[in-house]
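Asks: Okay, so here is query_2.txt, and as you'll see once you scroll down, it has compact mmCIF, C-alpha atoms.
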# COMPACT_ATOMS: atom_id res chain seq x y z
CA MET A 96 35.37 13.54 10.40
CA ALA A 97 38.89 12.27 9.96
CA GLN A 98 39.38 8.65 10.92
CA SER A 99 41.90 9.67 13.56
CA ASP A 100 39.17 11.73 15.27
CA SER A 101 37.25 8.56 16.08
CA PRO A 102 38.74 6.15 18.64
CA ILE A 103 36.88 3.35 16.87
CA ALA A 104 38.82 4.00 13.66
CA ARG A 105 42.27 4.33 15.25
CA PRO A 106 44.75 1.43 15.29
CA ARG A 107 43.09 -1.44 17.13
CA TYR A 108 45.98 -2.03 19.51
CA THR A 109 45.64 1.47 20.98
CA GLY A 110 43.39 2.90 23.66
CA ILE A 111 41.39 1.42 26.50
CA PRO A 112 39.62 -1.83 25.49
CA THR A 113 36.00 -0.82 25.95
CA PHE A 114 33.23 -2.63 24.07
CA MET A 115 33.76 -1.72 20.38
CA ARG A 116 36.25 0.95 21.54
CA ALA A 117 33.21 3.10 22.24
CA PRO A 118 33.63 5.82 24.88
CA PHE A 119 33.46 4.83 28.53
CA ALA A 120 30.71 6.86 30.18
CA GLU A 121 30.02 7.45 33.84
CA ASP A 122 27.58 10.25 32.99
CA TRP A 123 24.57 8.30 31.77
CA SER A 124 22.82 11.46 30.56
CA THR A 125 25.10 11.40 27.51
CA VAL A 126 24.13 7.82 26.53
CA ASP A 127 21.26 6.28 24.55
CA ILE A 128 22.49 2.69 24.17
CA ALA A 129 24.60 1.33 27.00
CA MET A 130 26.87 -1.68 26.58
CA ILE A 131 27.22 -3.38 29.95
CA GLY A 132 29.27 -6.29 31.23
CA VAL A 133 27.66 -8.71 33.66
CA PRO A 134 30.54 -10.90 34.87
CA TYR A 135 28.52 -13.55 36.72
CA ASP A 136 28.37 -17.31 36.20
CA GLY A 137 26.92 -18.58 39.46
CA GLY A 138 23.97 -20.03 37.56
CA VAL A 139 25.87 -22.53 35.42
CA THR A 140 25.00 -26.22 35.70
CA ASN A 141 28.34 -27.59 34.48
CA ARG A 142 31.32 -25.72 33.00
CA PRO A 143 32.03 -22.32 34.59
CA GLY A 144 34.09 -19.42 33.27
CA ALA A 145 31.53 -17.08 31.70
CA ARG A 146 32.31 -14.55 34.43
CA HIS A 147 35.40 -13.79 32.33
CA GLY A 148 33.32 -13.30 29.19
CA PRO A 149 32.83 -9.51 29.31
CA ARG A 150 36.56 -8.80 29.61
CA GLU A 151 37.53 -11.07 26.70
CA VAL A 152 34.69 -9.82 24.52
CA ARG A 153 35.84 -6.26 25.20
CA ASN A 154 39.35 -7.20 24.06
CA SER A 155 38.10 -8.95 20.92
CA SER A 156 35.63 -6.19 20.11
CA SER A 157 38.55 -3.87 19.30
CA LEU A 158 38.44 -5.60 15.91
CA MET A 159 34.99 -4.18 15.17
CA ARG A 160 34.67 -1.16 12.88
CA LEU A 161 32.25 1.75 12.47
CA ILE A 162 29.99 0.52 9.67
CA ASN A 163 28.22 -2.78 9.00
CA GLN A 164 29.31 -3.48 5.42
CA ALA A 165 26.47 -5.95 4.80
CA THR A 166 23.61 -3.70 5.93
CA GLY A 167 25.11 -0.23 5.62
CA CYS A 168 24.21 0.54 9.22
CA CYS A 169 26.51 2.80 11.23
CA PRO A 170 25.03 2.54 14.71
CA TYR A 171 27.05 5.53 15.94
CA ASP A 172 25.17 7.76 13.49
CA LEU A 173 21.84 6.65 14.96
CA ALA A 174 22.39 6.81 18.72
CA ARG A 175 24.80 7.86 21.44
CA ILE A 176 26.57 4.64 22.31
CA ALA A 177 28.92 4.00 25.22
CA ASP A 178 30.38 1.30 27.44
CA ILE A 179 29.17 2.09 30.95
CA GLY A 180 31.25 -0.61 32.60
CA ASP A 181 30.20 -3.67 34.56
CA CYS A 182 27.35 -4.53 36.83
CA VAL A 183 29.56 -5.42 39.77
CA ILE A 184 28.15 -8.22 41.92
CA GLU A 185 29.31 -8.02 45.52
CA ARG A 186 27.84 -11.36 46.65
CA PRO A 187 28.63 -13.71 43.76
CA PHE A 188 28.32 -16.84 45.92
CA GLN A 189 24.64 -16.20 46.69
CA LEU A 190 22.76 -16.88 43.45
CA GLU A 191 19.46 -15.22 44.28
CA GLY A 192 21.26 -12.39 46.06
CA ALA A 193 23.43 -11.85 42.98
CA HIS A 194 20.33 -11.75 40.79
CA GLY A 195 18.91 -9.15 43.16
CA GLU A 196 22.01 -7.00 42.68
CA ILE A 197 21.69 -7.27 38.88
CA ASP A 198 17.99 -6.40 39.20
CA ARG A 199 18.74 -3.25 41.22
CA TYR A 200 21.48 -2.16 38.82
CA TYR A 201 19.19 -2.48 35.80
CA GLU A 202 16.46 -0.65 37.65
CA LYS A 203 18.78 2.38 37.50
CA VAL A 204 19.64 1.70 33.86
CA VAL A 205 15.98 1.59 32.83
CA ALA A 206 15.08 4.60 34.98
CA ALA A 207 17.80 6.57 33.17
CA GLY A 208 16.13 5.74 29.84
CA LEU A 209 19.07 3.70 28.55
CA VAL A 210 18.71 0.84 26.07
CA PRO A 211 20.89 -1.93 27.56
CA LEU A 212 23.01 -4.29 25.49
CA SER A 213 24.53 -6.70 27.99
CA VAL A 214 27.38 -9.19 27.84
CA GLY A 215 27.38 -12.15 30.21
CA GLY A 216 27.99 -14.03 32.17
CA ASP A 217 25.72 -17.04 32.10
CA HIS A 218 22.17 -16.98 30.80
CA SER A 219 20.64 -16.68 34.25
CA ILE A 220 21.46 -12.95 34.09
CA SER A 221 18.65 -12.45 31.56
CA LEU A 222 16.01 -12.94 34.26
CA PRO A 223 16.90 -9.95 36.47
CA ILE A 224 17.41 -7.81 33.35
CA LEU A 225 13.96 -8.77 32.04
CA ARG A 226 12.45 -7.98 35.43
CA GLN A 227 13.28 -4.36 34.72
CA ILE A 228 12.85 -4.31 30.92
CA GLY A 229 9.41 -5.86 31.27
CA LYS A 230 8.21 -4.43 34.58
CA ASP A 231 5.69 -2.02 33.01
CA ARG A 232 4.44 -4.53 30.42
CA PRO A 233 5.59 -7.99 29.35
CA VAL A 234 7.92 -7.90 26.38
CA GLY A 235 8.37 -10.26 23.47
CA MET A 236 11.67 -11.99 22.82
CA ILE A 237 13.72 -13.42 19.99
CA HIS A 238 15.91 -16.01 21.67
CA ILE A 239 18.71 -17.71 19.72
CA ASP A 240 20.22 -20.63 21.62
CA ALA A 241 20.92 -24.35 21.69
CA HIS A 242 18.66 -24.67 24.74
CA ALA A 243 15.20 -23.30 25.44
CA ASP A 244 16.13 -22.36 29.02
CA THR A 245 12.60 -22.93 30.24
CA GLY A 246 13.46 -25.73 32.65
CA ASP A 247 12.47 -25.86 36.30
CA ASP A 248 14.09 -26.92 39.56
CA TYR A 249 17.62 -28.26 39.10
CA PHE A 250 19.29 -29.85 42.12
CA GLY A 251 17.29 -27.68 44.49
CA SER A 252 17.40 -24.35 42.65
CA ARG A 253 14.70 -22.75 40.52
CA PHE A 254 17.18 -20.12 39.35
CA HIS A 255 19.96 -21.19 36.99
CA HIS A 256 20.98 -20.71 33.37
CA GLY A 257 18.55 -23.38 32.19
CA ALA A 258 15.41 -21.69 33.54
CA PRO A 259 15.45 -17.87 33.17
CA PHE A 260 12.70 -17.64 30.58
CA ARG A 261 10.28 -19.88 32.43
CA ARG A 262 10.73 -17.72 35.51
CA ALA A 263 10.38 -14.53 33.43
CA ALA A 264 7.10 -15.73 31.90
CA GLU A 265 5.79 -16.84 35.30
CA GLU A 266 6.65 -13.44 36.75
CA GLY A 267 4.77 -11.68 33.97
CA VAL A 268 7.71 -9.78 32.46
CA LEU A 269 7.99 -11.94 29.32
CA ASP A 270 5.09 -12.54 26.93
CA PRO A 271 5.40 -16.19 25.87
CA LYS A 272 3.05 -15.68 22.91
CA ARG A 273 5.46 -13.12 21.49
CA THR A 274 8.54 -15.27 22.16
CA ILE A 275 10.38 -17.37 19.60
CA GLN A 276 13.26 -19.71 20.40
CA ILE A 277 15.56 -20.61 17.52
CA GLY A 278 18.22 -23.31 17.17
CA ILE A 279 17.21 -25.63 20.02
CA ARG A 280 19.06 -28.95 19.87
CA GLY A 281 21.08 -31.55 21.75
CA GLY A 282 20.19 -34.52 23.92
CA ILE A 283 17.75 -34.31 26.81
CA ASN A 284 17.19 -36.33 29.96
CA ASP A 285 13.44 -35.76 30.04
CA ARG A 286 11.07 -35.83 27.06
CA ASP A 287 9.17 -32.97 28.66
CA GLN A 288 12.25 -30.85 29.35
CA TRP A 289 11.02 -27.91 27.27
CA SER A 290 7.29 -28.50 27.72
CA PHE A 291 6.83 -25.10 29.35
CA SER A 292 7.88 -23.41 26.11
CA HIS A 293 5.20 -25.23 24.12
CA GLU A 294 2.45 -25.12 26.73
CA SER A 295 2.90 -21.39 27.40
CA GLY A 296 2.65 -20.53 23.71
CA MET A 297 6.29 -19.90 22.81
CA ARG A 298 7.25 -20.70 19.23
CA VAL A 299 10.12 -23.17 19.25
CA ILE A 300 12.15 -23.86 16.12
CA TYR A 301 14.43 -26.83 16.66
CA MET A 302 17.73 -26.96 14.86
CA HIS A 303 16.81 -30.12 12.99
CA GLU A 304 13.87 -28.27 11.40
CA ILE A 305 15.95 -25.43 10.01
CA PRO A 306 17.61 -27.12 7.00
CA GLY A 307 14.17 -27.98 5.66
CA MET A 308 12.69 -24.56 6.43
CA GLY A 309 15.62 -22.43 5.29
CA LEU A 310 16.97 -19.46 7.24
CA ASP A 311 14.79 -16.95 5.43
CA ALA A 312 11.66 -18.81 6.56
CA VAL A 313 13.00 -18.83 10.11
CA ILE A 314 13.54 -15.07 9.91
CA ALA A 315 10.01 -14.56 8.57
CA GLU A 316 8.60 -16.58 11.46
CA ALA A 317 10.63 -14.56 13.99
CA LEU A 318 9.33 -11.29 12.53
CA LYS A 319 5.77 -12.62 12.66
CA VAL A 320 6.02 -13.73 16.29
CA ALA A 321 7.71 -10.56 17.49
CA GLY A 322 5.23 -8.33 15.68
CA ASP A 323 5.28 -4.58 16.32
CA GLY A 324 5.65 -4.67 20.08
CA PRO A 325 8.72 -4.09 22.28
CA THR A 326 11.07 -7.05 21.99
CA TYR A 327 14.18 -8.33 23.75
CA LEU A 328 17.00 -10.03 21.81
CA SER A 329 18.92 -12.76 23.62
CA PHE A 330 21.78 -14.63 21.94
CA ASP A 331 23.54 -17.51 23.67
CA ILE A 332 26.89 -18.16 21.99
CA ASP A 333 26.18 -21.91 22.19
CA ALA A 334 23.63 -21.36 19.42
CA CYS A 335 26.73 -21.52 17.24
CA ASP A 336 28.36 -24.85 16.52
CA PRO A 337 31.34 -25.49 18.83
CA ALA A 338 33.53 -25.65 15.72
CA TYR A 339 33.07 -21.85 15.76
CA ALA A 340 32.46 -21.26 19.48
CA PRO A 341 34.07 -23.95 21.66
CA GLY A 342 34.41 -21.65 24.66
CA THR A 343 31.02 -22.02 26.27
CA GLY A 344 29.41 -23.82 29.17
CA THR A 345 27.19 -26.30 27.31
CA PRO A 346 28.44 -26.84 23.74
CA GLU A 347 26.16 -28.76 21.38
CA PHE A 348 27.28 -29.90 17.93
CA GLY A 349 25.03 -29.31 14.94
CA GLY A 350 24.60 -25.58 15.51
CA PHE A 351 24.72 -22.46 13.39
CA THR A 352 27.81 -21.50 11.46
CA ALA A 353 29.19 -18.02 12.03
CA ALA A 354 27.84 -16.91 8.65
CA GLU A 355 24.36 -18.32 9.39
CA SER A 356 24.29 -16.51 12.74
CA LEU A 357 25.07 -13.18 11.11
CA HIS A 358 22.51 -13.76 8.33
CA LEU A 359 19.85 -14.60 10.91
CA LEU A 360 20.52 -11.46 12.95
CA ARG A 361 20.64 -9.17 9.94
CA GLY A 362 17.23 -10.44 8.89
CA LEU A 363 15.69 -9.13 12.12
CA SER A 364 15.99 -5.49 11.10
CA GLY A 365 12.70 -3.71 11.72
CA VAL A 366 11.86 -5.35 15.06
CA ASP A 367 11.30 -2.90 17.93
CA PHE A 368 14.21 -4.08 20.06
CA ILE A 369 14.37 -2.40 23.48
CA GLY A 370 17.34 -4.37 24.86
CA GLY A 371 19.44 -7.42 24.33
CA ASP A 372 22.19 -9.65 25.60
CA MET A 373 24.95 -11.94 24.35
CA VAL A 374 25.89 -14.56 26.92
CA GLU A 375 27.84 -17.70 27.81
CA VAL A 376 31.26 -16.88 26.35
CA SER A 377 33.63 -18.85 28.62
CA PRO A 378 37.25 -17.90 27.83
CA PRO A 379 38.89 -20.71 29.87
CA PHE A 380 37.49 -23.19 27.31
CA ASP A 381 38.54 -21.02 24.37
CA PRO A 382 42.34 -21.13 23.90
CA SER A 383 42.10 -19.77 20.35
CA GLY A 384 40.05 -16.70 21.32
CA ASN A 385 37.61 -17.41 18.48
CA THR A 386 34.58 -17.64 20.75
CA ALA A 387 35.13 -14.17 22.19
CA LEU A 388 35.73 -12.77 18.70
CA LEU A 389 32.54 -14.37 17.38
CA GLY A 390 30.73 -13.06 20.44
CA ALA A 391 31.99 -9.55 19.72
CA THR A 392 30.94 -9.86 16.08
CA ILE A 393 27.44 -10.95 17.11
CA LEU A 394 27.35 -8.12 19.64
CA PHE A 395 28.04 -5.62 16.85
CA GLU A 396 25.13 -7.01 14.82
CA GLN A 397 22.92 -6.66 17.91
CA LEU A 398 24.16 -3.11 18.40
CA CYS A 399 23.12 -2.26 14.84
CA LEU A 400 19.63 -3.69 15.41
CA LEU A 401 19.18 -1.80 18.69
CA ALA A 402 20.45 1.44 17.16
CA GLU A 403 18.07 1.14 14.20
CA ALA A 404 15.14 0.49 16.55
CA PHE A 405 16.11 3.39 18.81
CA HIS A 406 16.35 5.73 15.82
CA ARG A 407 12.91 4.70 14.56
CA ARG A 408 11.35 5.37 17.97
CA ARG A 409 12.83 8.88 18.01
CA LYS A 410 11.31 9.88 14.67
Show me this structure written as structure tokens.

Replies:
Amino acid sequence: MAQSDSPIARPRYTGIPTFMRAPFAEDWSTVDIAMIGVPYDGGVTNRPGARHGPREVRNSSSLMRLINQATGCCPYDLARIADIGDCVIERPFQLEGAHGEIDRYYEKVVAAGLVPLSVGGDHSISLPILRQIGKDRPVGMIHIDAHADTGDDYFGSRFHHGAPFRRAAEEGVLDPKRTIQIGIRGGINDRDQWSFSHESGMRVIYMHEIPGMGLDAVIAEALKVAGDGPTYLSFDIDACDPAYAPGTGTPEFGGFTAAESLHLLRGLSGVDFIGGDMVEVSPPFDPSGNTALLGATILFEQLCLLAEAFHRRRK
């Protein structure tokens, strides 16, 4: 195939800015892996703006290419990949109502047999997605983030971007014993803030432990926890140090470098990923555009992992 035959290989300033310049598909029967925008940030506890994340990540993702040079993976050789647009939320000012709309949208996505790779939006969107991904059986999760997001009630709401994985475990769609949380750091107001993670059986690797362990040991632990079962991959951009990703709702210094983030993701090849998300890119706090570009780069690594897993399941 000549490069000019592939929109992904054409000049980056041309064409419609879909995720990765992949085709836009309204006919879901032609799609295996669906990239989806979820422009919702009604669950943030401080800095808003992640509702604009999908659009900026789409723009920045025009810089992505066909083949992952580090791993050799060309996801487009392994699966039919498309951008199917946004999950449009008609009642964004009603948090639980908005989650219900996301839930119903992903019910259709899962029923169509699509593997969803979603771009937020704040991290609260993971809960309604997991309600559908894990409705037939609880799934495992590799969760890369500065925060464990297993909190509880916050100023009168049980549903916000600091609690989706507690709610998912309580609802039986997430298996805490097959969940690992990597990169957790920052100050806390309560010594027991992430107690649910530990008490439910989640494996938590705090950022201050990682220099002593080494990234390869972290990867080995993630592979062990995930095992052979179906697994969700959730990446909050604030896992990265704000020197690399300032445009996010809750930045925490001392995080992963861009190179460490990519190394970590590439080490997860072989996990049976059945969906994933990349969340919390907030363009209003990102005048350089670097956060959206890093988010797009991470999204491509996730796409490679999902495509490899999809291809293995088809054999």

Asks: So which one's closest to Asp285 in chain A, A:His218, A:Ile162, A:Ile314, A:Gly246? Using all atoms listed in the file, please.

Replies: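 Result for the nearest residue to Asp285 in chain A: A:Gly246.
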
Asks: Can I get the residues of range 234-287 of chain A within 12 Å of range 171-193 of chain A, each with the closest pair of atoms and their distance in Å to one decimal, using all atoms listed in the file, sorted chain first then ascending number, as a tab-separated table?

Replies:
residue	atom	partner	partner_atom	distance
A:Ser252	CA	A:Leu190	CA	9.2
A:Arg253	CA	A:Glu191	CA	9.7
A:Phe254	CA	A:Glu191	CA	7.3
A:His255	CA	A:Leu190	CA	8.3
A:His256	CA	A:Leu190	CA	10.9

Asks: Return the single residue from A:Leu359, A:Ala263, A:Ala391, A:Ala258 that is closest to Asp217 in chain A, with distances computed using all atoms listed in the file.

Replies: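 Checking each candidate against Asp217 in chain A, we get A:Ala258 as the closest.
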
Asks: Would you compute an axis-aligned box for range 345-355 of chain A, covering every atom listed for it in the file with 8 Å of margin on each side, and report centre and edge lengths in Å to one decimal as JSON?

Replies:
{"center_x": 26.8, "center_y": -23.4, "center_z": 18.0, "size_x": 20.8, "size_y": 29.0, "size_z": 34.7}

Asks: List the neighbours of Gly235 in chain A out to 6 Å using only C-alpha atoms; skip same-chain residues closer than 2 positions along the sequence, and give me the result as a ChimeraX atom specification.

Replies: /A:270,273-274,326

Asks: Which residue out of A:Val214, A:Val374, A:Val205, A:Met130 has the minimum interatomic distance to Arg226 in chain A when all atoms listed in the file are used?

Replies: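 Distance minimum relative to Arg226 in chain A lands on A:Val205.
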
Asks: Interatomic distance between CA of Ile305 in chain A and CA of Phe380 in chain A?

Replies: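 Spanning CA of Ile305 in chain A to CA of Phe380 in chain A is a straight-line distance of 27.7 Å.
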
Asks: Do you have, as JSON lines, the list of residues of range 118-157 of chain A lying at most 12 Å from range 330-341 of chain A, each with its nearest atom pair and that distance in Å to one decimal, counting all atoms listed in the file and ordered by chain then number?

Replies:
{"residue": "A:Arg142", "atom": "CA", "partner": "A:Pro341", "partner_atom": "CA", "distance": 11.8}
{"residue": "A:Ala145", "atom": "CA", "partner": "A:Ile332", "partner_atom": "CA", "distance": 10.8}
{"residue": "A:Gly148", "atom": "CA", "partner": "A:Ile332", "partner_atom": "CA", "distance": 10.8}
{"residue": "A:Val152", "atom": "CA", "partner": "A:Ile332", "partner_atom": "CA", "distance": 11.7}

Asks: Output the selection as a compact mmCIF listing (two decimals), in the coordinates of the input - C-alpha atoms for each residue.

Replies:
# COMPACT_ATOMS: atom_id res chain seq x y z
CA ARG A 142 31.32 -25.72 33.00
CA ALA A 145 31.53 -17.08 31.70
CA GLY A 148 33.32 -13.30 29.19
CA VAL A 152 34.69 -9.82 24.52

Asks: Could you name the residues that touch Leu269 in chain A at 9 Å or less, counting all atoms listed in the file, but leaving out those on the same chain fewer than 5 positions away, as a VMD selection string?

Replies: chain A and resid 225 to 226 229 232 to 236 260 to 264 274

Asks: Would you work out the distance separating CA of Trp289 in chain A from CA of Leu222 in chain A, expressed in Å to one decimal?

Replies: 17.3 Å

Asks: Quick check, in Å to one decimal: how far apart do CA of Ala207 in chain A and CA of Val126 in chain A lie?

Replies: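 Atom-to-atom, CA of Ala207 in chain A to CA of Val126 in chain A, that is 9.3 Å.
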
Asks: So, with all atoms listed in the file as the atoms that count, which of A:Glu403, A:Asp287, A:Glu196, A:Asp100 lies closest to Asp367 in chain A?

Replies: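 Answer, going by the shortest atom-to-atom distance: A:Glu403.
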
Asks: Between A:Gly349, A:Gly309, A:Gly215, A:Pro223, which residue has the minimum interatomic distance to Asp198 in chain A, considering all atoms listed in the file?

Replies: A:Pro223

Asks: Which residue gives the smallest distance to Lys203 in chain A among A:Thr392, A:Arg286, A:Trp123, A:Pro143, with all atoms listed in the file counted?

Replies: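 Selected residue with least distance to Lys203 in chain A: A:Trp123.
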
Asks: Counting all atoms listed in the file, which residues have an atom no more than 10 Å from (35.2, 4.2, 16.6) in the file's coordinates? Please list them as a VMD selection string.

Replies: chain A and resid 98 to 105 107 115 to 118 157 159 to 162 171
